[in-house]
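A.B. asks: Dropping in data09.cif, which is mmCIF, C-alpha atoms:
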data_upload
#
loop_
_atom_site.label_atom_id
_atom_site.label_comp_id
_atom_site.auth_asym_id
_atom_site.auth_seq_id
_atom_site.Cartn_x
_atom_site.Cartn_y
_atom_site.Cartn_z
CA MET A 1 -27.76 -50.81 22.34
CA THR A 2 -24.17 -50.40 21.22
CA ILE A 3 -22.10 -53.25 19.87
CA MET A 4 -18.39 -52.82 20.34
CA VAL A 5 -16.28 -54.43 17.66
CA GLN A 6 -12.58 -54.73 18.05
CA VAL A 7 -10.67 -53.89 14.91
CA LYS A 8 -7.24 -55.45 14.88
CA ASP A 9 -5.87 -53.78 11.81
CA GLU A 10 -7.63 -50.46 11.34
CA GLY A 11 -5.21 -49.46 8.60
CA ALA A 12 -6.21 -52.43 6.47
CA ILE A 13 -9.87 -51.46 6.68
CA MET A 14 -9.11 -47.82 5.90
CA ASN A 15 -7.20 -48.89 2.83
CA ARG A 16 -10.27 -50.70 1.54
CA LEU A 17 -12.62 -47.79 2.11
CA PRO A 18 -13.37 -45.66 -0.94
CA GLU A 19 -11.51 -42.37 -0.93
CA THR A 20 -13.76 -39.71 0.54
CA PRO A 21 -12.11 -36.34 0.06
CA LYS A 22 -13.78 -33.53 1.97
CA THR A 23 -14.69 -31.63 -1.16
CA PRO A 24 -15.99 -33.03 -4.44
CA GLY A 25 -14.21 -32.17 -7.66
CA LEU A 26 -10.87 -32.76 -9.35
CA TYR A 27 -7.69 -33.29 -7.32
CA LEU A 28 -4.14 -33.07 -8.60
CA GLU A 29 -4.15 -36.84 -9.23
CA ASP A 30 -7.18 -36.48 -11.51
CA ILE A 31 -5.61 -33.92 -13.87
CA SER A 32 -3.21 -34.83 -16.70
CA VAL A 33 -1.08 -32.93 -19.18
CA GLY A 34 -3.07 -32.50 -22.39
CA ASP A 35 -6.50 -32.52 -20.72
CA ARG A 36 -8.77 -30.09 -22.51
CA PHE A 37 -11.81 -28.10 -21.45
CA SER A 38 -13.90 -25.72 -23.54
CA GLY A 39 -17.25 -24.00 -23.82
CA GLY A 40 -19.21 -20.81 -23.53
CA ALA A 41 -21.17 -18.28 -25.57
CA LEU A 42 -20.84 -14.99 -23.73
CA ALA A 43 -22.16 -12.06 -25.75
CA VAL A 44 -20.35 -8.73 -25.59
CA THR A 45 -22.39 -5.57 -26.13
CA PRO A 46 -21.58 -1.84 -26.18
CA ASP A 47 -23.44 -1.54 -22.87
CA THR A 48 -21.46 -4.29 -21.09
CA ILE A 49 -18.18 -2.86 -22.42
CA LYS A 50 -19.05 0.65 -21.22
CA ALA A 51 -20.47 -0.45 -17.85
CA PHE A 52 -17.29 -2.34 -16.95
CA ALA A 53 -15.08 0.47 -18.21
CA ARG A 54 -16.92 3.23 -16.37
CA GLU A 55 -16.15 1.40 -13.13
CA PHE A 56 -12.65 0.07 -13.80
CA ASP A 57 -11.06 1.49 -16.97
CA PRO A 58 -12.70 4.79 -17.92
CA GLN A 59 -10.67 5.60 -21.03
CA PRO A 60 -12.32 7.04 -24.19
CA PHE A 61 -11.82 3.90 -26.32
CA HIS A 62 -13.77 1.85 -23.74
CA ILE A 63 -16.65 4.20 -22.94
CA ASP A 64 -17.46 6.33 -26.00
CA GLU A 65 -18.03 5.00 -29.54
CA VAL A 66 -17.35 8.35 -31.22
CA ALA A 67 -14.22 9.28 -29.27
CA ALA A 68 -12.98 5.69 -29.72
CA LYS A 69 -12.77 6.19 -33.51
CA TYR A 70 -9.89 8.60 -33.07
CA THR A 71 -7.81 6.33 -30.83
CA PHE A 72 -5.39 3.41 -31.21
CA PHE A 73 -8.38 1.03 -31.30
CA ARG A 74 -10.31 2.96 -34.02
CA GLY A 75 -13.61 2.04 -32.42
CA LEU A 76 -15.13 0.86 -29.16
CA ALA A 77 -13.11 -1.95 -27.57
CA ALA A 78 -13.47 -3.79 -24.27
CA SER A 79 -10.91 -3.21 -21.55
CA GLY A 80 -8.44 -6.09 -21.50
CA TRP A 81 -9.41 -6.55 -17.85
CA HIS A 82 -13.02 -6.94 -18.95
CA THR A 83 -11.97 -9.68 -21.38
CA ALA A 84 -10.02 -11.27 -18.52
CA ALA A 85 -13.01 -11.07 -16.18
CA MET A 86 -15.37 -12.53 -18.81
CA THR A 87 -12.83 -15.30 -19.38
CA MET A 88 -12.90 -16.08 -15.65
CA ARG A 89 -16.67 -16.35 -15.87
CA LEU A 90 -16.30 -18.87 -18.68
CA LEU A 91 -13.56 -20.80 -16.86
CA ALA A 92 -15.69 -21.05 -13.70
CA GLU A 93 -18.40 -22.71 -15.79
CA PHE A 94 -16.50 -24.62 -18.46
CA GLY A 95 -12.98 -25.05 -17.04
CA PRO A 96 -11.82 -27.95 -14.86
CA LYS A 97 -13.97 -28.46 -11.75
CA VAL A 98 -11.08 -28.33 -9.31
CA ALA A 99 -11.89 -29.45 -5.75
CA GLY A 100 -12.02 -26.36 -3.60
CA GLY A 101 -12.37 -24.04 -6.61
CA LEU A 102 -10.42 -22.49 -9.44
CA ILE A 103 -7.68 -20.53 -7.68
CA GLY A 104 -4.80 -18.88 -9.53
CA GLY A 105 -1.66 -17.62 -7.83
CA SER A 106 -0.17 -15.95 -10.87
CA CYS A 107 -0.56 -15.78 -14.63
CA GLU A 108 0.52 -14.32 -17.93
CA VAL A 109 -2.03 -12.60 -20.13
CA ALA A 110 -1.80 -11.36 -23.70
CA TRP A 111 -4.45 -9.61 -25.76
CA PRO A 112 -3.58 -10.21 -29.43
CA GLN A 113 -6.59 -8.17 -30.53
CA PRO A 114 -9.35 -6.26 -28.77
CA THR A 115 -12.75 -7.63 -27.82
CA ARG A 116 -15.44 -5.75 -29.76
CA PRO A 117 -19.20 -5.22 -29.44
CA GLY A 118 -20.92 -8.17 -31.11
CA ASP A 119 -18.25 -10.67 -30.15
CA VAL A 120 -19.49 -13.90 -28.56
CA LEU A 121 -16.79 -15.42 -26.38
CA HIS A 122 -15.83 -18.98 -25.58
CA VAL A 123 -12.77 -20.52 -23.94
CA GLU A 124 -10.53 -23.38 -24.98
CA CYS A 125 -8.17 -24.65 -22.26
CA GLU A 126 -5.34 -27.15 -22.15
CA ILE A 127 -3.37 -28.46 -19.19
CA LEU A 128 0.35 -27.82 -19.78
CA SER A 129 1.86 -29.25 -16.60
CA VAL A 130 0.92 -30.88 -13.28
CA THR A 131 3.47 -30.47 -10.47
CA PRO A 132 3.16 -31.62 -6.84
CA SER A 133 4.47 -29.02 -4.39
CA ARG A 134 7.82 -29.89 -2.78
CA SER A 135 7.12 -28.01 0.43
CA LYS A 136 3.35 -28.52 0.76
CA PRO A 137 2.37 -32.20 0.42
CA GLU A 138 -1.35 -31.37 0.40
CA ARG A 139 -1.27 -29.48 -2.87
CA GLY A 140 0.36 -28.85 -6.24
CA THR A 141 0.41 -26.53 -9.22
CA VAL A 142 -1.36 -26.96 -12.54
CA LEU A 143 -0.31 -24.78 -15.45
CA MET A 144 -3.30 -24.16 -17.72
CA ARG A 145 -3.38 -22.27 -21.01
CA SER A 146 -6.71 -20.72 -21.97
CA GLU A 147 -7.54 -19.07 -25.25
CA THR A 148 -10.52 -16.77 -25.33
CA LYS A 149 -11.97 -16.66 -28.85
CA ASN A 150 -14.87 -14.94 -30.57
CA GLN A 151 -17.42 -16.57 -32.88
CA GLN A 152 -14.99 -16.22 -35.83
CA GLY A 153 -12.34 -18.16 -33.94
CA GLU A 154 -10.16 -15.06 -33.53
CA VAL A 155 -8.00 -15.25 -30.41
CA LEU A 156 -8.74 -12.25 -28.18
CA GLN A 157 -6.82 -13.35 -25.09
CA VAL A 158 -4.24 -15.96 -24.17
CA LEU A 159 -4.02 -16.69 -20.46
CA THR A 160 -1.47 -19.01 -18.90
CA ALA A 161 -2.37 -19.46 -15.24
CA LYS A 162 -0.76 -21.31 -12.35
CA LEU A 163 -3.59 -22.96 -10.47
CA VAL A 164 -3.37 -24.11 -6.87
CA VAL A 165 -4.84 -27.64 -6.78
CA PRO A 166 -5.25 -29.89 -3.71
CA ARG A 167 -3.95 -33.46 -3.58
CA ARG A 168 -6.10 -36.36 -2.43
CA LYS A 169 -3.58 -37.74 0.04
CA MET B 1 -5.93 39.77 -49.20
CA THR B 2 -3.39 36.94 -49.08
CA ILE B 3 0.31 37.54 -48.78
CA MET B 4 2.44 34.78 -50.21
CA VAL B 5 5.76 34.29 -48.51
CA GLN B 6 8.39 32.09 -50.01
CA VAL B 7 10.11 29.91 -47.44
CA LYS B 8 13.55 28.80 -48.61
CA ASP B 9 14.28 26.36 -45.78
CA GLU B 10 11.00 25.04 -44.44
CA GLY B 11 12.81 22.40 -42.37
CA ALA B 12 14.65 25.06 -40.42
CA ILE B 13 11.40 26.78 -39.50
CA MET B 14 9.77 23.49 -38.56
CA ASN B 15 12.66 22.72 -36.28
CA ARG B 16 12.09 25.94 -34.39
CA LEU B 17 8.37 25.36 -33.96
CA PRO B 18 7.29 23.88 -30.67
CA GLU B 19 6.40 20.23 -30.95
CA THR B 20 2.67 19.90 -31.34
CA PRO B 21 1.72 16.24 -31.07
CA LYS B 22 -1.90 15.50 -31.95
CA THR B 23 -2.72 14.21 -28.49
CA PRO B 24 -1.60 15.66 -25.16
CA GLY B 25 0.19 13.42 -22.69
CA LEU B 26 3.41 11.50 -22.36
CA TYR B 27 5.23 10.13 -25.41
CA LEU B 28 7.93 7.48 -25.42
CA GLU B 29 10.57 10.23 -25.33
CA ASP B 30 9.05 11.61 -22.11
CA ILE B 31 9.30 8.37 -20.13
CA SER B 32 12.50 7.14 -18.45
CA VAL B 33 13.57 4.01 -16.64
CA GLY B 34 13.07 4.54 -12.91
CA ASP B 35 10.16 6.98 -13.28
CA ARG B 36 7.66 6.38 -10.51
CA PHE B 37 3.95 6.99 -10.17
CA SER B 38 1.71 6.26 -7.21
CA GLY B 39 -1.58 7.09 -5.56
CA GLY B 40 -5.06 5.98 -4.73
CA ALA B 41 -7.34 5.06 -1.82
CA LEU B 42 -9.88 2.62 -3.21
CA ALA B 43 -11.99 0.99 -0.49
CA VAL B 44 -12.95 -2.66 -0.82
CA THR B 45 -16.18 -3.80 0.81
CA PRO B 46 -18.01 -7.13 1.06
CA ASP B 47 -20.61 -5.73 -1.33
CA THR B 48 -18.13 -4.68 -4.03
CA ILE B 49 -16.34 -8.06 -3.73
CA LYS B 50 -19.59 -9.97 -4.08
CA ALA B 51 -21.02 -7.80 -6.87
CA PHE B 52 -17.95 -8.30 -9.04
CA ALA B 53 -17.82 -12.02 -8.28
CA ARG B 54 -21.49 -12.65 -8.98
CA GLU B 55 -20.91 -11.33 -12.50
CA PHE B 56 -17.44 -12.69 -13.26
CA ASP B 57 -16.16 -15.20 -10.68
CA PRO B 58 -19.08 -16.76 -8.79
CA GLN B 59 -17.13 -19.09 -6.49
CA PRO B 60 -18.10 -19.52 -2.81
CA PHE B 61 -15.01 -17.75 -1.41
CA HIS B 62 -15.89 -14.61 -3.42
CA ILE B 63 -19.67 -14.44 -2.84
CA ASP B 64 -20.53 -15.92 0.57
CA GLU B 65 -18.83 -15.02 3.88
CA VAL B 66 -19.95 -18.20 5.65
CA ALA B 67 -19.09 -20.66 2.89
CA ALA B 68 -15.77 -18.81 2.39
CA LYS B 69 -14.63 -19.81 5.90
CA TYR B 70 -14.37 -23.43 4.85
CA THR B 71 -12.27 -22.77 1.73
CA PHE B 72 -8.61 -22.18 0.85
CA PHE B 73 -9.08 -18.47 1.64
CA ARG B 74 -10.69 -19.05 5.10
CA GLY B 75 -12.90 -16.01 4.63
CA LEU B 76 -14.32 -13.71 1.97
CA ALA B 77 -11.68 -12.68 -0.59
CA ALA B 78 -11.89 -10.62 -3.77
CA SER B 79 -11.44 -12.36 -7.11
CA GLY B 80 -7.92 -11.78 -8.40
CA TRP B 81 -9.54 -10.31 -11.50
CA HIS B 82 -11.39 -7.85 -9.29
CA THR B 83 -8.07 -6.78 -7.76
CA ALA B 84 -6.70 -6.45 -11.30
CA ALA B 85 -9.67 -4.37 -12.40
CA MET B 86 -9.43 -2.10 -9.35
CA THR B 87 -5.72 -1.72 -10.07
CA MET B 88 -6.55 -0.61 -13.61
CA ARG B 89 -8.88 1.99 -12.14
CA LEU B 90 -6.03 3.29 -9.97
CA LEU B 91 -3.55 3.21 -12.88
CA ALA B 92 -5.92 5.19 -15.10
CA GLU B 93 -5.98 7.91 -12.45
CA PHE B 94 -2.53 7.77 -10.87
CA GLY B 95 -0.35 6.02 -13.46
CA PRO B 96 1.57 7.74 -16.27
CA LYS B 97 -0.65 9.91 -18.48
CA VAL B 98 0.40 8.30 -21.74
CA ALA B 99 -0.66 10.13 -24.91
CA GLY B 100 -3.50 8.16 -26.44
CA GLY B 101 -4.18 6.25 -23.23
CA LEU B 102 -2.86 3.45 -21.08
CA ILE B 103 -2.87 0.44 -23.40
CA GLY B 104 -1.33 -2.89 -22.46
CA GLY B 105 -0.59 -5.65 -24.96
CA SER B 106 0.40 -8.26 -22.42
CA CYS B 107 1.32 -8.65 -18.77
CA GLU B 108 2.26 -10.88 -15.90
CA VAL B 109 0.16 -10.82 -12.75
CA ALA B 110 0.76 -12.38 -9.33
CA TRP B 111 -1.46 -12.27 -6.28
CA PRO B 112 0.78 -12.86 -3.24
CA GLN B 113 -2.20 -12.59 -0.90
CA PRO B 114 -5.92 -12.02 -1.34
CA THR B 115 -7.69 -8.68 -1.23
CA ARG B 116 -10.06 -8.61 1.74
CA PRO B 117 -13.08 -6.56 2.82
CA GLY B 118 -11.78 -3.44 4.58
CA ASP B 119 -8.67 -3.15 2.42
CA VAL B 120 -7.99 0.29 0.95
CA LEU B 121 -5.93 -0.01 -2.21
CA HIS B 122 -3.25 2.15 -3.75
CA VAL B 123 -0.73 1.56 -6.53
CA GLU B 124 3.00 2.13 -6.72
CA CYS B 125 4.48 1.93 -10.22
CA GLU B 126 7.98 2.01 -11.63
CA ILE B 127 9.16 2.11 -15.24
CA LEU B 128 11.48 -0.85 -15.90
CA SER B 129 12.33 -0.32 -19.58
CA VAL B 130 11.60 1.95 -22.54
CA THR B 131 12.09 0.36 -25.98
CA PRO B 132 11.37 1.91 -29.40
CA SER B 133 9.75 -0.57 -31.80
CA ARG B 134 12.04 -1.86 -34.55
CA SER B 135 9.23 -2.40 -37.04
CA LYS B 136 6.87 0.46 -36.11
CA PRO B 137 8.68 3.81 -35.94
CA GLU B 138 5.63 5.59 -34.54
CA ARG B 139 5.58 3.68 -31.26
CA GLY B 140 7.47 1.72 -28.62
CA THR B 141 7.06 -0.46 -25.57
CA VAL B 142 7.26 0.58 -21.93
CA LEU B 143 7.58 -2.13 -19.29
CA MET B 144 5.91 -0.98 -16.07
CA ARG B 145 5.80 -2.79 -12.73
CA SER B 146 2.85 -1.94 -10.50
CA GLU B 147 2.36 -3.07 -6.94
CA THR B 148 -1.14 -2.90 -5.52
CA LYS B 149 -0.97 -2.50 -1.75
CA ASN B 150 -3.45 -2.17 1.07
CA GLN B 151 -3.37 0.39 3.89
CA GLN B 152 -0.91 -1.82 5.83
CA GLY B 153 1.49 -1.82 2.91
CA GLU B 154 0.84 -5.51 2.19
CA VAL B 155 1.35 -6.35 -1.48
CA LEU B 156 -1.85 -7.83 -2.89
CA GLN B 157 -0.90 -7.82 -6.58
CA VAL B 158 2.22 -7.40 -8.66
CA LEU B 159 1.56 -6.50 -12.28
CA THR B 160 4.26 -6.19 -14.92
CA ALA B 161 2.67 -4.78 -18.07
CA LYS B 162 3.97 -4.05 -21.56
CA LEU B 163 2.45 -0.74 -22.54
CA VAL B 164 2.09 0.47 -26.13
CA VAL B 165 3.34 4.08 -26.16
CA PRO B 166 3.45 6.45 -29.15
CA ARG B 167 6.58 8.31 -30.22
CA ARG B 168 6.59 12.03 -30.92
CA LYS B 169 8.35 11.78 -34.24
#
In structure tokens, write the structure found in this file.

C.D. replies:
Amino acid sequence: MTIMVQVKDEGAIMNRLPETPKTPGLYLEDISVGDRFSGGALAVTPDTIKAFAREFDPQPFHIDEVAAKYTFFRGLAASGWHTAAMTMRLLAEFGPKVAGGLIGGSCEVAWPQPTRPGDVLHVECEILSVTPSRSKPERGTVLMRSETKNQQGEVLQVLTAKLVVPRRK
Amino acid sequence: MTIMVQVKDEGAIMNRLPETPKTPGLYLEDISVGDRFSGGALAVTPDTIKAFAREFDPQPFHIDEVAAKYTFFRGLAASGWHTAAMTMRLLAEFGPKVAGGLIGGSCEVAWPQPTRPGDVLHVECEILSVTPSRSKPERGTVLMRSETKNQQGEVLQVLTAKLVVPRRK
């Protein structure tokens, strides 16, 4: 049996319904300048440094402890792209849980000092700006600064990323 | 038997000797604005996309073809950091052979469109500036712009990197 109910003002009912975005997580409206996120304890070893470098950055200072001594780095150092990739791993776990995922369109990266074997990495993030898109009403841009530090608090990477974030409405 | 020879003007002799830098490769003096470097044919597959993402960027659009359809990317896409890492691999092989290695202190990265399974990547680089360091006479900075393109010539990544480059003198 089906009961038909006539709804005179459907808009009024819709306005009283709780918001039910398709995807759980943070929307642009949920993120504010100054919001902070941090965490992680990702251990860096000679083997992880060399495995990444053999595939993506096979230079002596990233793949050979002995040869590395006679280079700019004066010892084995992780590829900057390895530090960036490990940072992404930390951000996926400890960064803002953006609805639809953590998606960056562009970024700036600096590596003030190299990541070394024995370092244990964590991230500390801060939201710098939240900007609705002018042309695309369904989304906006969040500028987020992330410092990747080792267990001594030394800053190994500074990443400032423009994230694509959906709006609720 | 040792023959001692007195050299009145050692500087004059040194000036006639060929330059013998410790490390082979390009020095700051060898690199000019407008120099170009290019090459590569690095194939991207679903497996390489997912393997990288499982370790460094385990979000649905990077690790699961089906789930990826219902995301921003509307299909499996490589992590931007995977594209960056593959670009580094191409730069190490096809970029300028800088003495002491290709070492970046900082950079800007943009991903105009995602890297997809089936893409075959190459890099096209251009030197934008060559600047001796004011404080460190033994080195300088080279600004290099690198476009990572697929086999259709679509630009997947634009990287502008500040390279640390040694000087001959």

A.B. asks: Please indicate the distance in Å from atom CA of Leu26 of chain A to atom CA of Ala77 of chain B, rounded to one decimal place.

C.D. replies: 21.9 Å

A.B. asks: For chain A, which residues have at least one atom within 10 Å of chain B, if we go by only C-alpha atoms? Write them as a PDB file with C-alpha atoms, in the coordinates of the input, please.

C.D. replies:
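As a result, selection15.pdb now contains:
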ATOM      1  CA  THR A  23     -14.690 -31.630  -1.160  1.00  0.00           C
ATOM      2  CA  PHE A  52     -17.290  -2.340 -16.950  1.00  0.00           C
ATOM      3  CA  ALA A  53     -15.080   0.470 -18.210  1.00  0.00           C
ATOM      4  CA  ARG A  54     -16.920   3.230 -16.370  1.00  0.00           C
ATOM      5  CA  GLU A  55     -16.150   1.400 -13.130  1.00  0.00           C
ATOM      6  CA  PHE A  56     -12.650   0.070 -13.800  1.00  0.00           C
ATOM      7  CA  ASP A  57     -11.060   1.490 -16.970  1.00  0.00           C
ATOM      8  CA  PRO A  58     -12.700   4.790 -17.920  1.00  0.00           C
ATOM      9  CA  GLN A  59     -10.670   5.600 -21.030  1.00  0.00           C
ATOM     10  CA  PRO A  60     -12.320   7.040 -24.190  1.00  0.00           C
ATOM     11  CA  PHE A  61     -11.820   3.900 -26.320  1.00  0.00           C
ATOM     12  CA  TYR A  70      -9.890   8.600 -33.070  1.00  0.00           C
ATOM     13  CA  THR A  71      -7.810   6.330 -30.830  1.00  0.00           C
ATOM     14  CA  PHE A  72      -5.390   3.410 -31.210  1.00  0.00           C
ATOM     15  CA  PHE A  73      -8.380   1.030 -31.300  1.00  0.00           C
ATOM     16  CA  SER A  79     -10.910  -3.210 -21.550  1.00  0.00           C
ATOM     17  CA  GLY A  80      -8.440  -6.090 -21.500  1.00  0.00           C
ATOM     18  CA  TRP A  81      -9.410  -6.550 -17.850  1.00  0.00           C
ATOM     19  CA  HIS A  82     -13.020  -6.940 -18.950  1.00  0.00           C
ATOM     20  CA  ALA A  84     -10.020 -11.270 -18.520  1.00  0.00           C
ATOM     21  CA  ALA A  85     -13.010 -11.070 -16.180  1.00  0.00           C
ATOM     22  CA  MET A  86     -15.370 -12.530 -18.810  1.00  0.00           C
ATOM     23  CA  THR A  87     -12.830 -15.300 -19.380  1.00  0.00           C
ATOM     24  CA  MET A  88     -12.900 -16.080 -15.650  1.00  0.00           C
ATOM     25  CA  ARG A  89     -16.670 -16.350 -15.870  1.00  0.00           C
ATOM     26  CA  LEU A  90     -16.300 -18.870 -18.680  1.00  0.00           C
ATOM     27  CA  LEU A  91     -13.560 -20.800 -16.860  1.00  0.00           C
ATOM     28  CA  ALA A  92     -15.690 -21.050 -13.700  1.00  0.00           C
ATOM     29  CA  GLU A  93     -18.400 -22.710 -15.790  1.00  0.00           C
ATOM     30  CA  GLY A 100     -12.020 -26.360  -3.600  1.00  0.00           C
ATOM     31  CA  GLY A 101     -12.370 -24.040  -6.610  1.00  0.00           C
ATOM     32  CA  LEU A 102     -10.420 -22.490  -9.440  1.00  0.00           C
ATOM     33  CA  ILE A 103      -7.680 -20.530  -7.680  1.00  0.00           C
ATOM     34  CA  GLY A 104      -4.800 -18.880  -9.530  1.00  0.00           C
ATOM     35  CA  GLY A 105      -1.660 -17.620  -7.830  1.00  0.00           C
ATOM     36  CA  SER A 106      -0.170 -15.950 -10.870  1.00  0.00           C
ATOM     37  CA  CYS A 107      -0.560 -15.780 -14.630  1.00  0.00           C
ATOM     38  CA  GLU A 108       0.520 -14.320 -17.930  1.00  0.00           C
ATOM     39  CA  VAL A 109      -2.030 -12.600 -20.130  1.00  0.00           C
ATOM     40  CA  ALA A 110      -1.800 -11.360 -23.700  1.00  0.00           C
ATOM     41  CA  TRP A 111      -4.450  -9.610 -25.760  1.00  0.00           C
ATOM     42  CA  PRO A 112      -3.580 -10.210 -29.430  1.00  0.00           C
ATOM     43  CA  GLN A 113      -6.590  -8.170 -30.530  1.00  0.00           C
ATOM     44  CA  PRO A 114      -9.350  -6.260 -28.770  1.00  0.00           C
ATOM     45  CA  GLN A 157      -6.820 -13.350 -25.090  1.00  0.00           C
ATOM     46  CA  VAL A 158      -4.240 -15.960 -24.170  1.00  0.00           C
ATOM     47  CA  LEU A 159      -4.020 -16.690 -20.460  1.00  0.00           C
ATOM     48  CA  THR A 160      -1.470 -19.010 -18.900  1.00  0.00           C
ATOM     49  CA  ALA A 161      -2.370 -19.460 -15.240  1.00  0.00           C
ATOM     50  CA  LYS A 162      -0.760 -21.310 -12.350  1.00  0.00           C
ATOM     51  CA  VAL A 164      -3.370 -24.110  -6.870  1.00  0.00           C
ATOM     52  CA  PRO A 166      -5.250 -29.890  -3.710  1.00  0.00           C
TER      53      PRO A 166
END

A.B. asks: On this structure, which residues satisfy the PyMOL selection byres ((chain A and resi 133) around 12), written as a list in words?

C.D. replies: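 So the PyMOL selection byres ((chain A and resi 133) around 12) ends up selecting Leu28, Val130, Thr131, Pro132, Arg134, Ser135, Lys136, Pro137, Glu138, Arg139, Gly140, Thr141, Val142, Leu163, Val164, Val165, Pro166 and Arg167 of chain A.
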
A.B. asks: Just to confirm, what's the straight-line distance from atom CA of Thr48 of chain B to atom CA of Glu154 of chain B in Å (one decimal)?

C.D. replies: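 Interatomic distance here is 20.0 Å.
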
A.B. asks: Between atom CA of Pro24 of chain A and atom CA of Val98 of chain A, what distance in Å does the model show, to one decimal?

C.D. replies: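 Spanning atom CA of Pro24 of chain A to atom CA of Val98 of chain A is a straight-line distance of 8.4 Å.
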
A.B. asks: For the file shown, report as a PyMOL selection string the outcome of the PyMOL selection byres ((chain B and resi 150) around 7) at residue level.

C.D. replies: chain B and resi 119-122+149+151-155

A.B. asks: What would the selection look like, as a list in words, if the PyMOL selection byres ((chain B and resi 76) around 8) were run on the coordinates I just shared?

C.D. replies: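 In the shown coordinates, the PyMOL selection byres ((chain B and resi 76) around 8) covers Pro46, Phe61, His62, Ile63, Asp64, Glu65, Ala68, Lys69, Phe73, Arg74, Gly75, Ala77, Ala78, Arg116 and Pro117 of chain B.
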
A.B. asks: Find, counting all atoms listed in the file, the residue in B:Val33, B:Leu156, B:Ala51, B:Ala41 that gets nearest to Thr83 of chain B.

C.D. replies: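 Among the listed residues, B:Leu156 lies closest to Thr83 of chain B.
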